[in-house]
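**Q** One file is attached below, work-v9.txt, containing compact mmCIF, C-alpha atoms.
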```txt
# COMPACT_ATOMS: atom_id res chain seq x y z
CA MET A 1 0.00 0.00 0.00
CA SER A 2 1.21 3.44 -0.80
CA MET A 3 -0.06 6.95 -0.78
CA ALA A 4 -1.09 8.28 -4.18
CA LYS A 5 1.85 10.02 -5.83
CA ASN A 6 0.78 12.13 -8.81
CA LEU A 7 -0.73 9.27 -10.76
CA LEU A 8 -1.03 9.36 -14.53
CA PRO A 9 -4.11 8.30 -16.50
CA SER A 10 -4.03 4.78 -17.93
CA ASP A 11 -6.29 1.76 -18.51
CA THR A 12 -5.37 0.05 -15.25
CA LYS A 13 -7.82 -0.63 -12.42
CA LEU A 14 -7.09 0.93 -9.03
CA ASN A 15 -8.19 -0.11 -5.55
CA ILE A 16 -8.72 3.10 -3.57
CA THR A 17 -9.04 2.97 0.23
CA LEU A 18 -9.93 5.83 2.55
CA VAL A 19 -7.40 5.73 5.42
CA ARG A 20 -7.83 9.14 7.04
CA SER A 21 -10.93 10.98 8.20
CA THR A 22 -12.38 13.88 6.25
CA VAL A 23 -13.22 15.72 9.48
CA GLY A 24 -11.35 19.02 9.49
CA THR A 25 -10.66 19.00 5.76
CA LYS A 26 -11.95 21.50 3.24
CA GLN A 27 -15.43 20.99 1.85
CA ASP A 28 -14.15 20.42 -1.69
CA GLN A 29 -11.91 17.59 -0.42
CA ARG A 30 -14.87 15.99 1.38
CA ASP A 31 -16.90 16.27 -1.83
CA THR A 32 -14.07 14.69 -3.82
CA VAL A 33 -13.79 11.72 -1.42
CA ARG A 34 -17.55 11.21 -1.58
CA SER A 35 -17.60 11.41 -5.39
CA LEU A 36 -14.94 8.68 -5.50
CA GLY A 37 -17.52 6.51 -3.76
CA LEU A 38 -15.76 6.37 -0.39
CA LYS A 39 -18.08 6.54 2.61
CA ARG A 40 -16.02 5.64 5.68
CA ILE A 41 -12.48 4.90 6.82
CA GLY A 42 -11.35 1.52 5.54
CA HIS A 43 -13.87 1.54 2.67
CA THR A 44 -12.34 0.38 -0.64
CA VAL A 45 -13.60 0.95 -4.17
CA GLU A 46 -12.25 -0.12 -7.56
CA ARG A 47 -12.03 2.53 -10.26
CA THR A 48 -10.40 2.81 -13.68
CA ALA A 49 -7.39 5.13 -13.74
CA ASP A 50 -8.94 7.59 -16.21
CA ALA A 51 -8.10 11.30 -16.22
CA VAL A 52 -11.03 12.28 -13.98
CA THR A 53 -10.27 9.69 -11.31
CA VAL A 54 -6.54 10.45 -11.33
CA GLY A 55 -7.26 14.16 -10.89
CA MET A 56 -9.51 13.45 -7.91
CA LEU A 57 -6.89 11.15 -6.35
CA ASN A 58 -4.17 13.76 -6.74
CA LYS A 59 -6.40 16.23 -4.88
CA VAL A 60 -6.96 13.95 -1.84
CA LYS A 61 -3.75 11.89 -1.94
CA HIS A 62 -3.12 12.56 1.76
CA LEU A 63 -6.42 10.84 2.71
CA VAL A 64 -6.29 7.68 0.59
CA THR A 65 -4.06 4.77 -0.37
CA VAL A 66 -4.00 3.46 -3.92
CA GLU A 67 -3.07 -0.01 -5.14
CA GLU A 68 -3.21 -1.52 -8.59
CA ALA A 69 -6.08 -4.02 -8.73
CA LYS A 70 -5.18 -7.64 -9.30
```
Show me the file's structure as C-alpha cells.

**A**
Amino acid sequence: MSMAKNLLPSDTKLNITLVRSTVGTKQDQRDTVRSLGLKRIGHTVERTADAVTVGMLNKVKHLVTVEEAK
C-alpha cells in the first residue's frame, strides 16, 4: 500500500481505500472523497485510472491509499 503520488491516466484498475478521516478538511476535499464513492475509513472501491479519477486522487492523496487491482 502506498499513498497516491501524482498518478497518470491509464487503462489500469485501481483499488482506492480511505485511510484518514475527512473531518477538518476543506469541503471540496470531502466532496471529492464522496464522489470517489468512499463513505467511511477503511472503505475500498475499484475505479479505472482515467483522467477524472486520477485528478480526484491527486487532490486527496493525503487521505487515501491506492493499489493496482489484481

**Q** Looking at only C-alpha atoms, which of A:Leu36, A:Val66, A:Leu18, A:Ile41 is the one that sits closest to Thr53 (chain A)?

**A**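 Using only C-alpha atoms, Thr53 (chain A) sits closest to A:Leu36.
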
**Q** Which is closest to Asn15 (chain A) among A:Leu38, A:Val33, A:Val45, A:Val52, if we use all atoms listed in the file?

**A**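 Nearest to Asn15 (chain A): A:Val45.
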
**Q** Which distance in Å separates CA of Asp11 (chain A) and CA of Lys39 (chain A), to one decimal?

**A** 24.7 Å

**Q** In the coordinates of the file, take the point (-5.2, 12.7, -3.4) and a cut-off of 10 Å; then, counting only C-alpha atoms, name each qualifying protein, DNA or RNA residue as a list in words.

**A**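 I get Met3, Ala4, Lys5, Asn6, Leu7, Gln29, Thr32, Val33, Thr53, Val54, Gly55, Met56, Leu57, Asn58, Lys59, Val60, Lys61, His62, Leu63, Val64, Thr65 and Val66 of chain A for the residues within 10 Å of that point.
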
**Q** Could you save those same residues with C-alpha atoms as a PDB file, keeping the file's coordinate frame?

**A**
```pdb
ATOM      1  CA  MET A   3      -0.060   6.950  -0.780  1.00  0.00           C
ATOM      2  CA  ALA A   4      -1.090   8.280  -4.180  1.00  0.00           C
ATOM      3  CA  LYS A   5       1.850  10.020  -5.830  1.00  0.00           C
ATOM      4  CA  ASN A   6       0.780  12.130  -8.810  1.00  0.00           C
ATOM      5  CA  LEU A   7      -0.730   9.270 -10.760  1.00  0.00           C
ATOM      6  CA  GLN A  29     -11.910  17.590  -0.420  1.00  0.00           C
ATOM      7  CA  THR A  32     -14.070  14.690  -3.820  1.00  0.00           C
ATOM      8  CA  VAL A  33     -13.790  11.720  -1.420  1.00  0.00           C
ATOM      9  CA  THR A  53     -10.270   9.690 -11.310  1.00  0.00           C
ATOM     10  CA  VAL A  54      -6.540  10.450 -11.330  1.00  0.00           C
ATOM     11  CA  GLY A  55      -7.260  14.160 -10.890  1.00  0.00           C
ATOM     12  CA  MET A  56      -9.510  13.450  -7.910  1.00  0.00           C
ATOM     13  CA  LEU A  57      -6.890  11.150  -6.350  1.00  0.00           C
ATOM     14  CA  ASN A  58      -4.170  13.760  -6.740  1.00  0.00           C
ATOM     15  CA  LYS A  59      -6.400  16.230  -4.880  1.00  0.00           C
ATOM     16  CA  VAL A  60      -6.960  13.950  -1.840  1.00  0.00           C
ATOM     17  CA  LYS A  61      -3.750  11.890  -1.940  1.00  0.00           C
ATOM     18  CA  HIS A  62      -3.120  12.560   1.760  1.00  0.00           C
ATOM     19  CA  LEU A  63      -6.420  10.840   2.710  1.00  0.00           C
ATOM     20  CA  VAL A  64      -6.290   7.680   0.590  1.00  0.00           C
ATOM     21  CA  THR A  65      -4.060   4.770  -0.370  1.00  0.00           C
ATOM     22  CA  VAL A  66      -4.000   3.460  -3.920  1.00  0.00           C
TER      23      VAL A  66
END
```

**Q** Out of A:Thr22, A:Ala51, A:Arg34, A:Lys70, which residue has the shortest atom-to-atom distance to Leu8 (chain A) when counting all atoms listed in the file?

**A**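 Once distances to Leu8 (chain A) are computed over all atoms listed in the file, the minimum belongs to A:Ala51.
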
**Q** For region 16-30 of chain A, take all atoms listed in the file, fit an axis-aligned box around them, add 8 Å to each of the six sides, then output centre and edge lengths in Å rounded to one decimal, as AutoDock Vina command-line options.

**A**
```
--center_x -11.4 --center_y 12.2 --center_z 3.0 --size_x 24.0 --size_y 34.5 --size_z 29.1
```

**Q** Would you list the residues near (-15.3, 0.9, -3.1), meaning any protein, DNA or RNA residue with an atom at most 6 Å from that point in file coordinates, counting only C-alpha atoms, as a short mmCIF file (atom, residue, chain, number, x, y, z; two decimals) with C-alpha atoms, in the frame of the given file?

**A**
```
data_model
loop_
_atom_site.label_atom_id
_atom_site.label_comp_id
_atom_site.auth_asym_id
_atom_site.auth_seq_id
_atom_site.Cartn_x
_atom_site.Cartn_y
_atom_site.Cartn_z
CA HIS A 43 -13.87 1.54 2.67
CA THR A 44 -12.34 0.38 -0.64
CA VAL A 45 -13.60 0.95 -4.17
CA GLU A 46 -12.25 -0.12 -7.56
#
```

**Q** For Arg47 (chain A), which of A:Ser21, A:Ser35, A:Lys13, A:Asp28 is the closest residue, counting all atoms listed in the file?

**A** A:Lys13

**Q** Could you check which of A:Asp31, A:Asp50, A:Gly24, A:Arg40 is closest to Ser10 (chain A), using only C-alpha atoms?

**A** A:Asp50

**Q** May I ask which of the residues A:Ile16, A:Pro9, A:Arg30, A:Val23 is the closest one to Ala69 (chain A), counting only C-alpha atoms?

**A**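 Under the stated criterion, the closest residue is A:Ile16.
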